[in-house]
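Participant: Starting off with a structure, shown below.
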Amino acid sequence: MANTLRGRAFKYGDNVDTDVIIPARYCTAYTPQELGPHCLEDLDREFVKRVKEGDIIVAGKNFGCGSSRENAPLAIRGAGVSCVIAKSFARIFYRNSINIGLPILESEEAADSIDSGDELRVDLDTGAIENLTKGRSFSSAPFPEAIQEIIRLGGMVNFVKERLNNR
Amino acid sequence: MGKTLAEKIIGEHAAGEVKAGQIVLARVDVCLTQDGTGPLAVRQLEKLGLEKLANPKRTVLFLDHSVPASRKELADDHQTLRNFAKKTGANLSEVGMGICHTVINEEYVNPGDIMIGADSHTCTGGALCAFATGMGSTDVAIGMALGKTWLRVPETFKIVVNGEFPLGVFPKDLILHLIGMIGADGATYKALEWHGETIEKMDMEGRLTLSNMAVEAGAKAGLIPSDETTRRYLEEMGRGGKFREIKPDPDAEYERVIEIDVSQLTPVVSFPHAVDNTRIIDEAKGEKINQVFLGTCTNSRVGDWEVVANIVRGKKKHPNVRFIAVPGSVQIQKEVIRRGYYQTLLDFGAMIMPPGCGPCVGVYGGILGSGEKCLATMNRNFRGRMGNPEGFIYLASPATVAATAIAGEIADPREYEAELKAVGKKVVVPVTKAVKKVAKKKKAKEKAVKKARAKKKAKRAVRKKPVRRATTKRRVKKVAKRKVAKKKAAKRTMAKKRVKRTAKRTRRR
């Protein structure tokens, strides 16, 4: 099923800000392909070398705080990350992720118990997070239908386009 | 049930009354983007095929983050925004005009407006009692084109501030103190609403600093009720007619109330790499510093320069410290030059960069060397923010920056008592185009009055002689002149004719 994601966890702490997700010096680029190779480079130089398509970032509270740069979720997507699980997200990052079609899930317990390298399975329809390595599962509030639709279409631009076409 | 400022303002822009927690579609009054986020907004609009803006006169594209352009990619981004402005009729704030959050409040934002900006510090507009909030490029692009955006009406934290600031303690210390207290995510998704006698007495510059940093606590907006200070500020900016008093209802519902007594505050410093990693000055003192930076949308206004100029005047900068100063806008730059602060800072050993974001984002100058430490009046000290993940950023007030520049290590500005006392005596008002226009008009009027008086005097002097005679005399003179001229002309034609005749005769021969 398309709405189930599977990948390994990369775990980070609280307050992962947009300056470390993608430093401003790379923000003249706008495509996930160009931004991806620099994702999290100021925080963890190994990340882009080790991350594989479909892997999942797990972090503490206030993920994505700071600048409004949309390049941040674009860089995460460009690195191949399929979704981000955190205790909480900063406001602007939350909106930006939806707008560019990056699924994000809030779950305090999941963020606490998952370790780097754990194999995870996420169901975006129900918000269920499974830690296959540790055999534990967690729940998170899934996005409402309308927002899932935006993510499914790949972001706000495609969503508005479709709305304008269907008018 | 009573309404908070956020509920009131959003309610005016949505269909019907709104309550915290509701998601609404709201009209947008002002939109801003800058050279970092604007090009992506333009690209998204192109993708959508939306070329017309809902309200181009109140859409402003700022070139401020990398000015003048430091790389060809950024120069191209500037071109993208210039072309877009030409095509759509949006306003363009060129390189050197200043920081978006400084200029937008000087020239565009009014109480009761909803402003969205593709920059997290858009919340600065809350100082004018506008619901101003930062968003990403796509959100703002859609707002620019459709004139609408979706908002979740935020719950509100009421921050009640009382007491008088001790000498050497400033609104910047207050906001750092609050963020240290509630944490960098302490107000995520919430609005802050500032109240209390300290806020009522605070000038607009201090309020702008408070609202600017709301986002550093995760807040969506930092609102201050509009009052006499707001009215005066708008008048000075030439928009006095746009003033509206907006206050929350007395029975408004707040999620949390936080009380602060500023008379107990000391200067505060945020240590690397988080804004909420705050220490009081006594625990911060002595930290060796390589660079200090006065600037950014938080603290780059005339009053900030005045405090710094007063402290450093006649003193020597520590040889191990570099001092970078960047005025927030060209209006501020002109005013600090006029008041002599510019010269004072240059004499002290500061290097002054053109109005803009300067070294704050690490894309234009002032990048730190590995292991270097910078004390700045910035709002954010994240790792790598100033262009090098191996650099360390500390945040403080302009006064602490000045004291540190002298000492070469983090120092307590309260040691400069006499210098600080001299600051409070002048009311600091940033001079803008509007103020200058008024001054110019006043000067012109004075000149005109003087001229008129002189004329009257001259007339009176003339009137003493019989008026008619004077006129006839002039007339006679004129007639005589004309007669002479006619005679001369006749003579000339006669002479010409004679020449022609002789020429004909010679040809015939």
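Residue numbering restarts at 1 for every chain of the structure tokens, chains are lettered A, B, ... in their displayed order, and ligands are numbered from 1 as they appear.
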Would you kindly return, as a PyMOL selection string, each protein, DNA or RNA residue with an atom no farther than 9 Å from any atom of B:Gly21, considering only C-alpha atoms and excluding same-chain residues fewer than 2 positions away?
Facilitator: chain B and resi 18-19+23+152-155
Participant: Would you mind exporting the chosen residues as a PDB file, in the first residue's frame, restricted to all heavy atoms?
Facilitator:
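The resulting file, again03.pdb, is shown below:
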```pdb
ATOM      1  N   VAL B  18     -14.404  34.507  15.114  1.00  0.00           N
ATOM      2  CA  VAL B  18     -13.533  33.346  15.227  1.00  0.00           C
ATOM      3  C   VAL B  18     -13.090  33.147  16.666  1.00  0.00           C
ATOM      4  O   VAL B  18     -13.131  34.064  17.476  1.00  0.00           O
ATOM      5  CB  VAL B  18     -12.279  33.483  14.328  1.00  0.00           C
ATOM      6  CG1 VAL B  18     -12.659  33.729  12.886  1.00  0.00           C
ATOM      7  CG2 VAL B  18     -11.345  34.577  14.839  1.00  0.00           C
ATOM      8  N   LYS B  19     -12.671  31.919  16.929  1.00  0.00           N
ATOM      9  CA  LYS B  19     -12.262  31.535  18.276  1.00  0.00           C
ATOM     10  C   LYS B  19     -10.974  30.739  18.168  1.00  0.00           C
ATOM     11  O   LYS B  19     -10.752  30.060  17.174  1.00  0.00           O
ATOM     12  CB  LYS B  19     -13.395  30.653  18.848  1.00  0.00           C
ATOM     13  CG  LYS B  19     -13.423  30.530  20.337  1.00  0.00           C
ATOM     14  CD  LYS B  19     -13.955  31.773  21.011  1.00  0.00           C
ATOM     15  CE  LYS B  19     -13.454  31.825  22.443  1.00  0.00           C
ATOM     16  NZ  LYS B  19     -12.889  33.070  22.884  1.00  0.00           N
ATOM     17  N   ILE B  23      -9.814  26.773  12.339  1.00  0.00           N
ATOM     18  CA  ILE B  23      -9.020  27.011  11.130  1.00  0.00           C
ATOM     19  C   ILE B  23      -9.889  27.813  10.166  1.00  0.00           C
ATOM     20  O   ILE B  23     -11.022  27.437   9.881  1.00  0.00           O
ATOM     21  CB  ILE B  23      -8.545  25.691  10.508  1.00  0.00           C
ATOM     22  CG1 ILE B  23      -7.488  25.072  11.438  1.00  0.00           C
ATOM     23  CG2 ILE B  23      -7.956  25.921   9.121  1.00  0.00           C
ATOM     24  CD1 ILE B  23      -6.946  23.749  10.991  1.00  0.00           C
ATOM     25  N   ARG B 152      -4.744  28.932  11.446  1.00  0.00           N
ATOM     26  CA  ARG B 152      -5.352  28.373  12.647  1.00  0.00           C
ATOM     27  C   ARG B 152      -5.325  29.501  13.667  1.00  0.00           C
ATOM     28  O   ARG B 152      -4.269  30.065  13.925  1.00  0.00           O
ATOM     29  CB  ARG B 152      -4.535  27.184  13.139  1.00  0.00           C
ATOM     30  CG  ARG B 152      -5.141  26.520  14.356  1.00  0.00           C
ATOM     31  CD  ARG B 152      -4.244  25.395  14.828  1.00  0.00           C
ATOM     32  NE  ARG B 152      -4.720  24.912  16.105  1.00  0.00           N
ATOM     33  CZ  ARG B 152      -4.463  25.507  17.269  1.00  0.00           C
ATOM     34  NH1 ARG B 152      -3.730  26.596  17.297  1.00  0.00           N
ATOM     35  NH2 ARG B 152      -4.942  25.014  18.393  1.00  0.00           N
ATOM     36  N   VAL B 153      -6.486  29.863  14.183  1.00  0.00           N
ATOM     37  CA  VAL B 153      -6.525  30.967  15.154  1.00  0.00           C
ATOM     38  C   VAL B 153      -5.785  30.509  16.412  1.00  0.00           C
ATOM     39  O   VAL B 153      -6.165  29.513  17.026  1.00  0.00           O
ATOM     40  CB  VAL B 153      -7.984  31.350  15.495  1.00  0.00           C
ATOM     41  CG1 VAL B 153      -8.006  32.558  16.422  1.00  0.00           C
ATOM     42  CG2 VAL B 153      -8.778  31.610  14.228  1.00  0.00           C
ATOM     43  N   PRO B 154      -4.706  31.213  16.766  1.00  0.00           N
ATOM     44  CA  PRO B 154      -3.885  30.711  17.869  1.00  0.00           C
ATOM     45  C   PRO B 154      -4.467  31.031  19.241  1.00  0.00           C
ATOM     46  O   PRO B 154      -5.164  32.026  19.423  1.00  0.00           O
ATOM     47  CB  PRO B 154      -2.570  31.460  17.681  1.00  0.00           C
ATOM     48  CG  PRO B 154      -2.954  32.740  17.024  1.00  0.00           C
ATOM     49  CD  PRO B 154      -4.161  32.448  16.171  1.00  0.00           C
ATOM     50  N   GLU B 155      -4.163  30.168  20.206  1.00  0.00           N
ATOM     51  CA  GLU B 155      -4.397  30.508  21.608  1.00  0.00           C
ATOM     52  C   GLU B 155      -3.357  31.571  21.972  1.00  0.00           C
ATOM     53  O   GLU B 155      -2.348  31.705  21.277  1.00  0.00           O
ATOM     54  CB  GLU B 155      -4.197  29.286  22.511  1.00  0.00           C
ATOM     55  CG  GLU B 155      -5.221  28.177  22.323  1.00  0.00           C
ATOM     56  CD  GLU B 155      -4.920  27.259  21.146  1.00  0.00           C
ATOM     57  OE1 GLU B 155      -3.788  27.326  20.631  1.00  0.00           O
ATOM     58  OE2 GLU B 155      -5.816  26.502  20.754  1.00  0.00           O
TER      59      GLU B 155
END
```
Participant: Please return, as a VMD selection string, all residues of chain A lying within 10 Å of chain B when only C-alpha atoms are considered.
Facilitator: chain A and resid 14 to 20 22 to 31 41 to 43 61 to 63 65 to 71 88 to 97 99 to 100 155 to 162 164
Participant: Identify all residues of stretch 71-239 of chain B in helix (DSSP H, G or I) (DSSP on the backbone) and supply them as a ChimeraX atom specification.
Facilitator: /B:72-88,100-107,120-128,137-146,171-182,197-201,204-212,214-217,228-236
Participant: Please provide as a PDB file with N, CA, C and O atoms, in the first residue's frame all residues within 7 Å of stretch 47-58 of chain A, with the sequence filter that same-chain residues fewer than 2 positions apart are discarded (counting only C-alpha atoms).
Facilitator:
```pdb
ATOM      1  N   ARG A   6       8.475   2.496   4.898  1.00  0.00           N
ATOM      2  CA  ARG A   6       9.358   1.638   5.662  1.00  0.00           C
ATOM      3  C   ARG A   6      10.796   2.133   5.494  1.00  0.00           C
ATOM      4  O   ARG A   6      11.226   2.456   4.384  1.00  0.00           O
ATOM      5  N   GLY A   7      11.510   2.224   6.616  1.00  0.00           N
ATOM      6  CA  GLY A   7      12.896   2.675   6.516  1.00  0.00           C
ATOM      7  C   GLY A   7      13.609   2.619   7.850  1.00  0.00           C
ATOM      8  O   GLY A   7      12.994   2.338   8.888  1.00  0.00           O
ATOM      9  N   ARG A   8      14.905   2.897   7.806  1.00  0.00           N
ATOM     10  CA  ARG A   8      15.698   2.902   9.023  1.00  0.00           C
ATOM     11  C   ARG A   8      15.635   4.268   9.688  1.00  0.00           C
ATOM     12  O   ARG A   8      15.495   5.298   9.010  1.00  0.00           O
ATOM     13  N   ALA A   9      15.788   4.303  10.997  1.00  0.00           N
ATOM     14  CA  ALA A   9      15.701   5.574  11.725  1.00  0.00           C
ATOM     15  C   ALA A   9      17.066   6.251  11.831  1.00  0.00           C
ATOM     16  O   ALA A   9      18.089   5.584  12.028  1.00  0.00           O
ATOM     17  N   PHE A  10      17.048   7.579  11.680  1.00  0.00           N
ATOM     18  CA  PHE A  10      18.212   8.415  11.997  1.00  0.00           C
ATOM     19  C   PHE A  10      17.761   9.336  13.116  1.00  0.00           C
ATOM     20  O   PHE A  10      16.857  10.140  12.926  1.00  0.00           O
ATOM     21  N   LYS A  11      18.367   9.200  14.291  1.00  0.00           N
ATOM     22  CA  LYS A  11      17.824   9.926  15.434  1.00  0.00           C
ATOM     23  C   LYS A  11      18.657  11.152  15.822  1.00  0.00           C
ATOM     24  O   LYS A  11      19.890  11.075  15.879  1.00  0.00           O
ATOM     25  N   TYR A  12      17.949  12.247  16.091  1.00  0.00           N
ATOM     26  CA  TYR A  12      18.594  13.490  16.541  1.00  0.00           C
ATOM     27  C   TYR A  12      17.845  14.044  17.748  1.00  0.00           C
ATOM     28  O   TYR A  12      16.776  13.558  18.094  1.00  0.00           O
ATOM     29  N   PRO A  37      21.962  16.607  -1.152  1.00  0.00           N
ATOM     30  CA  PRO A  37      23.333  16.269  -0.748  1.00  0.00           C
ATOM     31  C   PRO A  37      23.892  17.117   0.404  1.00  0.00           C
ATOM     32  O   PRO A  37      24.931  16.775   0.955  1.00  0.00           O
ATOM     33  N   CYS A  39      21.855  18.104   3.057  1.00  0.00           N
ATOM     34  CA  CYS A  39      20.910  18.011   4.158  1.00  0.00           C
ATOM     35  C   CYS A  39      21.627  17.646   5.465  1.00  0.00           C
ATOM     36  O   CYS A  39      22.404  16.675   5.504  1.00  0.00           O
ATOM     37  N   LEU A  40      21.375  18.401   6.493  1.00  0.00           N
ATOM     38  CA  LEU A  40      21.918  18.179   7.854  1.00  0.00           C
ATOM     39  C   LEU A  40      23.441  18.199   7.918  1.00  0.00           C
ATOM     40  O   LEU A  40      24.039  17.728   8.885  1.00  0.00           O
ATOM     41  N   ASP A  44      25.487  16.697  11.088  1.00  0.00           N
ATOM     42  CA  ASP A  44      25.959  15.322  11.001  1.00  0.00           C
ATOM     43  C   ASP A  44      26.457  15.064   9.578  1.00  0.00           C
ATOM     44  O   ASP A  44      25.671  14.803   8.674  1.00  0.00           O
ATOM     45  N   ARG A  45      27.760  15.173   9.401  1.00  0.00           N
ATOM     46  CA  ARG A  45      28.345  15.036   8.063  1.00  0.00           C
ATOM     47  C   ARG A  45      28.130  13.640   7.475  1.00  0.00           C
ATOM     48  O   ARG A  45      28.190  13.445   6.260  1.00  0.00           O
ATOM     49  N   ALA A  79      17.095  14.203   0.215  1.00  0.00           N
ATOM     50  CA  ALA A  79      18.031  13.216   0.756  1.00  0.00           C
ATOM     51  C   ALA A  79      17.434  11.810   0.707  1.00  0.00           C
ATOM     52  O   ALA A  79      18.118  10.840   1.023  1.00  0.00           O
ATOM     53  N   GLY A  80      16.170  11.724   0.335  1.00  0.00           N
ATOM     54  CA  GLY A  80      15.530  10.416   0.218  1.00  0.00           C
ATOM     55  C   GLY A  80      14.680  10.041   1.416  1.00  0.00           C
ATOM     56  O   GLY A  80      14.103   8.958   1.454  1.00  0.00           O
ATOM     57  N   VAL A  81      14.594  10.930   2.396  1.00  0.00           N
ATOM     58  CA  VAL A  81      13.846  10.637   3.618  1.00  0.00           C
ATOM     59  C   VAL A  81      12.339  10.581   3.304  1.00  0.00           C
ATOM     60  O   VAL A  81      11.814  11.449   2.610  1.00  0.00           O
ATOM     61  N   SER A  82      11.676   9.550   3.832  1.00  0.00           N
ATOM     62  CA  SER A  82      10.267   9.376   3.475  1.00  0.00           C
ATOM     63  C   SER A  82       9.341  10.092   4.452  1.00  0.00           C
ATOM     64  O   SER A  82       8.234  10.479   4.089  1.00  0.00           O
ATOM     65  N   CYS A  83       9.765  10.272   5.703  1.00  0.00           N
ATOM     66  CA  CYS A  83       8.956  11.032   6.645  1.00  0.00           C
ATOM     67  C   CYS A  83       9.769  11.390   7.887  1.00  0.00           C
ATOM     68  O   CYS A  83      10.856  10.849   8.100  1.00  0.00           O
ATOM     69  N   VAL A  84       9.268  12.356   8.643  1.00  0.00           N
ATOM     70  CA  VAL A  84       9.956  12.776   9.870  1.00  0.00           C
ATOM     71  C   VAL A  84       9.015  12.523  11.044  1.00  0.00           C
ATOM     72  O   VAL A  84       7.831  12.890  10.998  1.00  0.00           O
ATOM     73  N   ILE A  85       9.548  11.874  12.088  1.00  0.00           N
ATOM     74  CA  ILE A  85       8.782  11.682  13.319  1.00  0.00           C
ATOM     75  C   ILE A  85       9.476  12.510  14.397  1.00  0.00           C
ATOM     76  O   ILE A  85      10.697  12.408  14.566  1.00  0.00           O
ATOM     77  N   ALA A  86       8.733  13.368  15.106  1.00  0.00           N
ATOM     78  CA  ALA A  86       9.346  14.163  16.172  1.00  0.00           C
ATOM     79  C   ALA A  86       8.362  14.353  17.311  1.00  0.00           C
ATOM     80  O   ALA A  86       7.159  14.112  17.160  1.00  0.00           O
ATOM     81  N   ALA A 111       9.289   8.966  19.557  1.00  0.00           N
ATOM     82  CA  ALA A 111      10.565   9.683  19.481  1.00  0.00           C
ATOM     83  C   ALA A 111      11.494   9.284  20.628  1.00  0.00           C
ATOM     84  O   ALA A 111      12.702   9.217  20.459  1.00  0.00           O
TER      85      ALA A 111
END
```
Participant: Mind listing the strand (DSSP E or B) residues of chain A, per DSSP on the backbone, as JSON, numbers by chain?
Facilitator: {"A": [4, 5, 6, 7, 8, 9, 10, 11, 17, 56, 57, 58, 59, 63, 65, 83, 84, 85, 86, 89, 104, 105, 106, 119, 120, 121, 122, 123, 128, 129, 130, 131, 136, 137, 138, 139]}
Participant: Emit the selected residues as a short mmCIF file (atom, residue, chain, number, x, y, z; two decimals), in the first residue's frame, including N, CA and C atoms.
Facilitator:
```
data_model
loop_
_atom_site.label_atom_id
_atom_site.label_comp_id
_atom_site.auth_asym_id
_atom_site.auth_seq_id
_atom_site.Cartn_x
_atom_site.Cartn_y
_atom_site.Cartn_z
N THR A 4 1.99 3.30 3.18
CA THR A 4 2.82 2.72 4.22
C THR A 4 4.28 2.95 3.86
N LEU A 5 5.03 3.46 4.83
CA LEU A 5 6.44 3.76 4.58
C LEU A 5 7.29 2.82 5.41
N ARG A 6 8.48 2.50 4.90
CA ARG A 6 9.36 1.64 5.66
C ARG A 6 10.80 2.13 5.49
N GLY A 7 11.51 2.22 6.62
CA GLY A 7 12.90 2.67 6.52
C GLY A 7 13.61 2.62 7.85
N ARG A 8 14.90 2.90 7.81
CA ARG A 8 15.70 2.90 9.02
C ARG A 8 15.63 4.27 9.69
N ALA A 9 15.79 4.30 11.00
CA ALA A 9 15.70 5.57 11.73
C ALA A 9 17.07 6.25 11.83
N PHE A 10 17.05 7.58 11.68
CA PHE A 10 18.21 8.42 12.00
C PHE A 10 17.76 9.34 13.12
N LYS A 11 18.37 9.20 14.29
CA LYS A 11 17.82 9.93 15.43
C LYS A 11 18.66 11.15 15.82
N ASP A 17 17.28 22.89 13.98
CA ASP A 17 16.77 24.09 13.30
C ASP A 17 17.02 24.05 11.80
N ILE A 56 13.96 7.26 7.67
CA ILE A 56 13.09 8.14 8.45
C ILE A 56 13.90 8.91 9.48
N ILE A 57 13.67 10.23 9.58
CA ILE A 57 14.34 11.02 10.62
C ILE A 57 13.45 11.03 11.87
N VAL A 58 14.07 10.77 13.01
CA VAL A 58 13.34 10.81 14.28
C VAL A 58 14.04 11.85 15.17
N ALA A 59 13.28 12.75 15.77
CA ALA A 59 13.92 13.81 16.55
C ALA A 59 13.09 14.21 17.75
N PHE A 63 11.26 20.42 16.15
CA PHE A 63 12.00 20.12 14.93
C PHE A 63 11.68 21.18 13.87
N CYS A 65 12.79 24.42 13.82
CA CYS A 65 12.61 25.78 14.30
C CYS A 65 13.54 26.73 13.54
N CYS A 83 9.76 10.27 5.70
CA CYS A 83 8.96 11.03 6.64
C CYS A 83 9.77 11.39 7.89
N VAL A 84 9.27 12.36 8.64
CA VAL A 84 9.96 12.78 9.87
C VAL A 84 9.02 12.52 11.04
N ILE A 85 9.55 11.87 12.09
CA ILE A 85 8.78 11.68 13.32
C ILE A 85 9.48 12.51 14.40
N ALA A 86 8.73 13.37 15.11
CA ALA A 86 9.35 14.16 16.17
C ALA A 86 8.36 14.35 17.31
N PHE A 89 6.87 19.82 16.21
CA PHE A 89 7.45 20.54 15.09
C PHE A 89 7.24 22.04 15.27
N ILE A 104 4.89 14.30 7.99
CA ILE A 104 5.50 14.44 9.31
C ILE A 104 4.52 13.94 10.37
N LEU A 105 5.06 13.31 11.41
CA LEU A 105 4.20 12.74 12.45
C LEU A 105 4.70 13.15 13.81
N GLU A 106 3.76 13.49 14.70
CA GLU A 106 4.13 13.86 16.07
C GLU A 106 3.85 12.71 17.02
N GLU A 119 14.52 -0.36 12.51
CA GLU A 119 13.72 -0.48 11.29
C GLU A 119 12.28 -0.07 11.63
N LEU A 120 11.72 0.88 10.89
CA LEU A 120 10.38 1.39 11.21
C LEU A 120 9.41 1.17 10.08
N ARG A 121 8.12 1.02 10.46
CA ARG A 121 7.06 1.01 9.45
C ARG A 121 6.00 2.03 9.90
N VAL A 122 5.60 2.89 8.97
CA VAL A 122 4.65 3.96 9.30
C VAL A 122 3.45 3.87 8.38
N ASP A 123 2.26 3.93 8.95
CA ASP A 123 1.04 3.96 8.15
C ASP A 123 0.47 5.38 8.22
N ALA A 128 -0.16 5.03 12.57
CA ALA A 128 0.52 3.99 13.36
C ALA A 128 2.00 3.93 13.02
N ILE A 129 2.84 3.87 14.07
CA ILE A 129 4.29 3.78 13.88
C ILE A 129 4.73 2.46 14.51
N GLU A 130 5.40 1.61 13.73
CA GLU A 130 5.86 0.33 14.26
C GLU A 130 7.38 0.30 14.29
N ASN A 131 7.93 -0.09 15.43
CA ASN A 131 9.37 -0.28 15.51
C ASN A 131 9.62 -1.77 15.33
N ARG A 136 7.84 -2.83 18.97
CA ARG A 136 6.89 -1.98 19.69
C ARG A 136 6.12 -1.13 18.69
N SER A 137 4.91 -0.76 19.07
CA SER A 137 4.18 0.13 18.16
C SER A 137 3.60 1.31 18.91
N PHE A 138 3.42 2.39 18.17
CA PHE A 138 2.95 3.66 18.74
C PHE A 138 1.88 4.23 17.83
N SER A 139 1.11 5.12 18.42
CA SER A 139 0.11 5.77 17.55
C SER A 139 0.39 7.26 17.52
#
```
